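model28.tsv, holding TSV, C-alpha atoms and all ligand atoms:
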```tsv
chain	number	residue	atom	x	y	z
J	1	MET	CA	-1.40	-31.45	25.59
J	2	GLY	CA	2.19	-31.62	24.33
J	3	GLU	CA	3.50	-28.14	23.62
J	4	PHE	CA	0.29	-26.47	24.83
J	5	PRO	CA	-0.79	-27.93	28.17
J	6	ASN	CA	-3.47	-25.28	28.74
J	7	VAL	CA	-5.13	-25.91	25.39
J	8	THR	CA	-8.04	-28.27	24.75
J	9	VAL	CA	-8.63	-29.10	21.10
J	10	VAL	CA	-12.27	-30.10	20.70
J	11	THR	CA	-11.99	-33.09	18.38
J	12	HIS	CA	-15.66	-34.10	18.32
J	13	PRO	CA	-16.51	-35.29	14.78
J	14	LEU	CA	-19.43	-32.87	14.42
J	15	VAL	CA	-17.17	-29.94	15.33
J	16	GLN	CA	-14.48	-31.07	12.89
J	17	HIS	CA	-16.95	-31.68	10.05
J	18	LYS	CA	-18.64	-28.31	10.48
J	19	LEU	CA	-15.26	-26.55	10.75
J	20	THR	CA	-14.26	-28.00	7.37
J	21	LEU	CA	-17.45	-26.56	5.83
J	22	LEU	CA	-16.74	-23.23	7.53
J	23	ARG	CA	-13.24	-23.04	6.09
J	24	ASP	CA	-14.37	-23.76	2.52
J	25	ARG	CA	-14.20	-20.58	0.44
J	26	ARG	CA	-17.43	-21.57	-1.38
J	27	THR	CA	-19.50	-21.48	1.83
J	28	PRO	CA	-21.81	-18.48	1.52
J	29	THR	CA	-22.38	-15.93	4.29
J	30	ALA	CA	-25.71	-17.27	5.54
J	31	GLN	CA	-24.38	-20.81	5.86
J	32	PHE	CA	-21.15	-19.56	7.41
J	33	ARG	CA	-23.15	-17.82	10.15
J	34	LEU	CA	-25.26	-20.91	10.80
J	35	LEU	CA	-22.22	-23.20	10.96
J	36	ALA	CA	-20.40	-20.84	13.34
J	37	ARG	CA	-23.46	-20.89	15.60
J	38	GLU	CA	-23.71	-24.69	15.52
J	39	ILE	CA	-20.00	-25.24	16.21
J	40	SER	CA	-19.98	-22.80	19.09
J	41	LEU	CA	-22.90	-24.57	20.78
J	42	LEU	CA	-20.84	-27.76	20.67
J	43	MET	CA	-17.75	-25.93	21.94
J	44	ALA	CA	-19.79	-24.51	24.84
J	45	TYR	CA	-20.54	-28.06	25.96
J	46	GLU	CA	-16.78	-28.65	26.53
J	47	VAL	CA	-16.07	-25.21	27.98
J	48	THR	CA	-18.78	-25.55	30.64
J	49	ARG	CA	-17.48	-28.85	32.04
J	50	VAL	CA	-15.86	-26.98	34.93
J	51	LEU	CA	-19.10	-25.47	36.24
J	52	PRO	CA	-19.60	-26.58	39.86
J	53	LEU	CA	-22.63	-28.57	40.98
J	54	GLU	CA	-24.40	-28.87	44.32
J	55	ASP	CA	-26.89	-31.49	45.42
J	56	VAL	CA	-30.43	-30.33	46.10
J	57	THR	CA	-33.45	-32.30	47.24
J	58	ILE	CA	-36.28	-32.55	44.75
J	59	GLU	CA	-39.42	-34.65	44.44
J	60	THR	CA	-39.90	-36.74	41.34
J	61	PRO	CA	-43.50	-37.90	40.75
J	62	LEU	CA	-42.47	-41.09	42.61
J	63	GLU	CA	-40.15	-40.09	45.48
J	64	ALA	CA	-37.73	-37.56	46.93
J	65	MET	CA	-34.15	-37.59	45.72
J	66	SER	CA	-30.92	-35.67	45.97
J	67	ALA	CA	-29.95	-34.38	42.51
J	68	PRO	CA	-27.18	-32.14	41.09
J	69	ARG	CA	-27.81	-28.52	40.10
J	70	LEU	CA	-25.46	-25.73	38.97
J	71	VAL	CA	-24.32	-23.71	41.95
J	72	GLY	CA	-23.83	-19.99	42.51
J	73	LYS	CA	-23.28	-17.16	40.06
J	74	LYS	CA	-22.70	-18.73	36.71
J	75	LEU	CA	-21.34	-17.64	33.41
J	76	CYS	CA	-20.54	-14.50	31.57
J	77	PHE	CA	-19.68	-14.81	27.90
J	78	VAL	CA	-17.44	-11.99	26.73
J	79	SER	CA	-17.52	-11.41	22.99
J	80	ILE	CA	-14.61	-9.69	21.26
J	81	LEU	CA	-16.35	-7.54	18.66
J	82	ARG	CA	-17.13	-7.98	16.05
J	83	ALA	CA	-16.36	-11.57	14.98
J	84	GLY	CA	-16.88	-12.85	18.53
J	85	ASN	CA	-20.60	-12.26	18.05
J	86	GLY	CA	-20.55	-14.95	15.38
J	87	ILE	CA	-19.88	-17.61	18.03
J	88	LEU	CA	-21.76	-15.97	20.88
J	89	ASP	CA	-25.29	-16.95	19.88
J	90	GLY	CA	-24.49	-20.67	19.74
J	91	MET	CA	-23.14	-20.46	23.28
J	92	LEU	CA	-26.26	-18.61	24.41
J	93	ASP	CA	-28.41	-21.31	22.78
J	94	LEU	CA	-26.88	-23.73	25.31
J	95	VAL	CA	-26.73	-21.36	28.32
J	96	PRO	CA	-29.54	-18.85	27.77
J	97	SER	CA	-29.28	-17.36	31.27
J	98	ALA	CA	-25.61	-16.40	30.90
J	99	ARG	CA	-24.69	-12.73	31.11
J	100	VAL	CA	-22.86	-11.17	28.18
J	101	GLY	CA	-20.05	-8.65	28.04
J	102	HIS	CA	-18.61	-6.98	24.94
J	103	ILE	CA	-15.09	-5.80	24.24
J	104	GLY	CA	-14.66	-3.96	20.95
J	105	LEU	CA	-11.23	-4.44	19.38
J	106	TYR	CA	-9.91	-4.25	15.86
J	107	ARG	CA	-6.44	-5.12	14.63
J	108	ASP	CA	-4.44	-2.28	13.20
J	109	PRO	CA	-3.47	-3.80	9.83
J	110	ALA	CA	0.03	-2.25	9.93
J	111	THR	CA	1.08	-3.10	13.49
J	112	LEU	CA	-1.31	-6.05	14.09
J	113	MET	CA	-1.91	-4.54	17.53
J	114	PRO	CA	-5.49	-4.33	18.86
J	115	VAL	CA	-7.25	-0.98	19.12
J	116	GLU	CA	-9.97	-0.85	21.78
J	117	TYR	CA	-13.16	1.05	20.91
J	118	TYR	CA	-15.81	-0.30	23.29
J	119	VAL	CA	-16.12	-2.11	26.63
J	120	LYS	CA	-19.32	-3.06	28.44
J	121	LEU	CA	-19.23	-5.73	31.16
J	122	PRO	CA	-21.88	-6.83	33.70
J	123	ASP	CA	-21.47	-5.18	37.14
J	124	ASP	CA	-20.99	-8.56	38.83
J	125	VAL	CA	-18.59	-9.95	36.22
J	126	SER	CA	-15.89	-10.54	38.87
J	127	GLN	CA	-18.13	-13.16	40.53
J	128	ARG	CA	-18.57	-15.18	37.34
J	129	LEU	CA	-16.62	-17.51	35.12
J	130	ALA	CA	-15.84	-15.29	32.13
J	131	VAL	CA	-15.67	-17.18	28.84
J	132	VAL	CA	-14.06	-14.96	26.22
J	133	VAL	CA	-15.17	-15.82	22.69
J	134	ASP	CA	-13.57	-14.95	19.36
J	135	PRO	CA	-13.37	-17.31	16.37
J	136	MET	CA	-9.71	-16.54	15.56
J	137	LEU	CA	-6.54	-16.47	17.67
J	138	ALA	CA	-3.77	-15.27	15.35
J	139	THR	CA	-1.02	-13.20	17.03
J	140	ALA	CA	-3.12	-13.47	20.26
J	141	HIS	CA	-2.78	-9.73	20.86
J	142	SER	CA	-6.57	-9.27	20.79
J	143	ALA	CA	-7.15	-12.22	23.11
J	144	CYS	CA	-4.48	-10.99	25.55
J	145	ALA	CA	-5.91	-7.45	25.55
J	146	ALA	CA	-9.39	-8.78	26.34
J	147	VAL	CA	-8.10	-10.98	29.17
J	148	VAL	CA	-6.13	-8.06	30.65
J	149	ARG	CA	-9.35	-5.99	30.60
J	150	LEU	CA	-11.19	-8.72	32.51
J	151	LYS	CA	-8.40	-9.10	35.06
J	152	GLN	CA	-8.49	-5.32	35.60
J	153	ALA	CA	-12.22	-5.72	36.31
J	154	GLY	CA	-11.41	-8.25	39.04
J	155	VAL	CA	-12.32	-11.44	37.19
J	156	THR	CA	-10.33	-14.40	38.55
J	157	GLN	CA	-11.84	-17.27	36.56
J	158	ILE	CA	-11.39	-16.81	32.82
J	159	SER	CA	-11.29	-19.14	29.83
J	160	PHE	CA	-10.90	-18.39	26.14
J	161	THR	CA	-12.71	-20.10	23.26
J	162	CYS	CA	-11.90	-19.85	19.59
J	163	LEU	CA	-12.41	-21.98	16.50
J	164	ILE	CA	-8.94	-21.73	14.93
J	165	ALA	CA	-5.64	-20.87	16.64
J	166	ALA	CA	-2.16	-20.27	15.25
J	167	PRO	CA	0.75	-21.90	17.13
J	168	GLU	CA	2.54	-18.52	17.31
J	169	GLY	CA	-0.46	-17.00	19.09
J	170	LEU	CA	-0.85	-19.95	21.43
J	171	ARG	CA	2.76	-19.47	22.59
J	172	VAL	CA	2.17	-15.77	23.25
J	173	PHE	CA	-1.10	-16.45	25.07
J	174	ALA	CA	0.40	-19.20	27.26
J	175	ALA	CA	3.33	-16.94	28.20
J	176	GLU	CA	1.12	-13.96	29.13
J	177	HIS	CA	-1.84	-15.81	30.65
J	178	PRO	CA	-0.77	-19.27	31.83
J	179	ASP	CA	-3.75	-19.25	34.22
J	180	VAL	CA	-6.34	-19.08	31.40
J	181	PRO	CA	-7.41	-22.36	29.78
J	182	LEU	CA	-8.01	-22.12	26.06
J	183	PHE	CA	-10.42	-24.16	23.92
J	184	THR	CA	-10.12	-24.38	20.15
J	185	ALA	CA	-11.44	-26.60	17.38
J	186	ALA	CA	-8.11	-26.55	15.50
J	187	ILE	CA	-4.46	-25.53	15.72
J	188	ASP	CA	-3.41	-24.49	12.22
J	189	ARG	CA	0.03	-24.44	10.57
J	190	CYS	CA	1.26	-20.84	10.96
J	191	LEU	CA	0.67	-17.13	10.53
J	192	ASP	CA	1.46	-15.50	7.21
J	193	GLU	CA	3.23	-12.14	6.73
J	194	HIS	CA	-0.12	-10.29	7.05
J	195	GLY	CA	-0.97	-11.97	10.33
J	196	TYR	CA	-3.54	-14.29	8.77
J	197	ILE	CA	-3.85	-17.86	9.97
J	198	ARG	CA	-2.87	-20.47	7.34
J	199	PRO	CA	-4.73	-22.40	6.13
J	200	GLY	CA	-7.38	-20.71	8.32
J	201	LEU	CA	-10.70	-19.54	6.97
J	202	GLY	CA	-9.86	-15.99	5.89
J	203	ASP	CA	-11.21	-12.94	7.71
J	204	ALA	CA	-13.83	-14.23	10.13
J	205	GLY	CA	-15.63	-10.89	10.51
J	206	ASP	CA	-15.87	-10.34	6.77
J	207	ARG	CA	-17.13	-13.88	6.17
J	208	LEU	CA	-19.71	-13.60	8.96
J	209	TYR	CA	-21.09	-10.27	7.86
J	210	GLY	CA	-20.36	-10.22	4.11
J	211	THR	CA	-18.27	-7.06	4.29
J	212	ARG	CA	-15.72	-8.10	1.70
M	301	LIG	C1	-10.01	-10.66	14.12
M	301	LIG	C2	-10.47	-11.78	15.04
M	301	LIG	C3	-9.72	-11.48	16.31
M	301	LIG	C4	-8.42	-10.95	15.80
M	301	LIG	C5	-7.40	-12.03	15.91
M	301	LIG	O1	-10.67	-9.50	14.41
M	301	LIG	O2	-11.86	-11.80	15.19
M	301	LIG	O3	-10.36	-10.53	17.14
M	301	LIG	O4	-8.62	-10.59	14.43
M	301	LIG	O5	-6.14	-11.56	15.58
M	301	LIG	P1	-4.96	-11.45	16.63
M	301	LIG	O6	-4.94	-12.74	17.37
M	301	LIG	O7	-3.76	-11.25	15.75
M	301	LIG	O8	-5.22	-10.28	17.52
M	301	LIG	P2	-10.47	-8.17	13.53
M	301	LIG	O9	-9.39	-7.33	14.12
M	301	LIG	O10	-10.33	-8.54	12.09
M	301	LIG	O11	-11.79	-7.36	13.80
M	301	LIG	P3	-13.32	-7.71	13.45
M	301	LIG	O12	-13.72	-8.85	14.36
M	301	LIG	O13	-14.02	-6.44	13.80
M	301	LIG	O14	-13.43	-8.07	12.01
M	302	LIG	N1	-8.33	-12.53	11.99
M	302	LIG	C1	-9.08	-13.25	11.13
M	302	LIG	O1	-10.29	-13.02	11.00
M	302	LIG	N2	-8.48	-14.21	10.41
M	302	LIG	C2	-7.18	-14.49	10.53
M	302	LIG	O2	-6.68	-15.41	9.86
M	302	LIG	C3	-6.42	-13.73	11.44
M	302	LIG	C4	-7.02	-12.77	12.17
```
Would it be possible to restate this file's structure as structure tokens?
Ligand code: PRP
Ligand code: URA
Amino acid sequence: MGEFPNVTVVTHPLVQHKLTLLRDRRTPTAQFRLLAREISLLMAYEVTRVLPLEDVTIETPLEAMSAPRLVGKKLCFVSILRAGNGILDGMLDLVPSARVGHIGLYRDPATLMPVEYYVKLPDDVSQRLAVVVDPMLATAHSACAAVVRLKQAGVTQISFTCLIAAPEGLRVFAAEHPDVPLFTAAIDRCLDEHGYIRPGLGDAGDRLYGTR
């Protein structure tokens, strides 16, 4: 709450412990990938709290009962390539039937503006809750571009999930998309002059895939 009313910081001790391991520069690529997957499964538990339920009648081995079940068209995870894929699989571990969309963006290192190179969304994405996933929200330009894409596709229910957010980016995101709730495991101190989150974890894509 406080300055960022649309932001939920997931403070669960397992999330916080695993995030500390993820940040550590000594954590090797294979463990980094595993930790990102584990944390994102736990984040998905919070993000999916809003899914609506309906009561259905079932028979237990002993008697009939009315019991809750998820209703209607469900989720679509939308991964911002490429680092988004690092937290996609953990979410799919929890919701294996979810549909998946991909939006390919990279940050131009000079302007810090996102460059789009790929978009593939399910045909019925507008009837689903779209959960956009990307481990890092720095300037928020990538997150905003992905949300704009989804709104253009007719999606009305959108949330955004990351692992680490910068306060500067959260302000931009809240101003441009006040209707989109955001979930993060941490709000860090600031952005540096290169647009990196401090203290952060470095370049998420490079750490996930060992490219630097
Ligand atoms: C990283 C990260 C976000 C973006 C965040 O991706 O995964 O998509 O930067 O920065 P922003 O909030 O300032 O837009 P990057 O551009 O490094 O591409 P990659 O995932 O392909 O490595
Ligand atoms: N993208 C990253 O991967 N890390 C940052 O700190 C900022 C943007």
Report task. Considering only C-alpha atoms, return as an MDAnalysis selection string whatever protein or nucleic-acid residues lie within 10 Å of Ala67 of chain J, sequence-local ones (same chain, fewer than 3 positions apart) excluded. Result -> chainID J and resid 53:59 64
Report task. Step by step, measure atom-to-atom distances between ligand LIG 301 (chain M) and each residue using only C-alpha atoms and all ligand atoms, keep those at most 7 Å, then write them as a PyMOL selection string. Result -> chain J and resi 80-84+105-107+112-114+134-143+169+195+203-206
Requested in this report: Quick one: everything within 7 Å of segment 115-126 of chain J, counting all atoms listed in the file, minus sequence neighbours fewer than 3 positions away in the same chain. Send it as a ChimeraX atom specification.
Outcome: /J:76,101-108,153-156
Extract, using all atoms listed in the file, all DNA, RNA and protein residues at most 6 Å from Ala98 of chain J, discarding same-chain residues fewer than 2 positions from it, and format them as an mmCIF file with C-alpha atoms, keeping the file's coordinate frame.
```
data_model
loop_
_atom_site.group_PDB
_atom_site.id
_atom_site.type_symbol
_atom_site.label_atom_id
_atom_site.label_comp_id
_atom_site.auth_asym_id
_atom_site.auth_seq_id
_atom_site.Cartn_x
_atom_site.Cartn_y
_atom_site.Cartn_z
ATOM 1 C CA LEU J 75 -21.340 -17.640 33.410
ATOM 2 C CA CYS J 76 -20.540 -14.500 31.570
ATOM 3 C CA VAL J 95 -26.730 -21.360 28.320
ATOM 4 C CA PRO J 96 -29.540 -18.850 27.770
#
```
Query raised in the report: Quick one: residues within 9 Å of Asp89 of chain J, all atoms listed in the file counted, chain neighbours fewer than 5 positions away excluded, as a ChimeraX atom specification?
Result: /J:37,40-41,94
Query raised in the report: Rounded to one decimal in Å, what is the spacing between atom CA of Pro167 of chain J and atom CA of Leu22 of chain J?
Result: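 Going from atom CA of Pro167 of chain J over to atom CA of Leu22 of chain J, I get 20.0 Å.
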**Report entry** Of the listed residues J:Arg69, J:Arg198, J:Arg23, J:Arg212, that which approaches ligand LIG 302 (chain M) most closely, counting only C-alpha atoms and all ligand atoms
**Finding:**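 Smallest distance to ligand LIG 302 (chain M) is found for J:Arg198.
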Within 8 Å of segment 46-49 of chain J, counting all atoms listed in the file, which residues qualify if same-chain residues fewer than 6 places away don't, as a compact mmCIF listing (two decimals) with C-alpha atoms, keeping the file's coordinate frame?
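Saved result, result-v8.txt, follows:
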```txt
# COMPACT_ATOMS: atom_id res chain seq x y z
CA VAL J 10 -12.27 -30.10 20.70
CA SER J 159 -11.29 -19.14 29.83
CA THR J 161 -12.71 -20.10 23.26
CA PHE J 183 -10.42 -24.16 23.92
```
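Straight-line separation from atom CA of Tyr209 of chain J to atom C2 of ligand LIG 302 (chain M): 14.8 Å.
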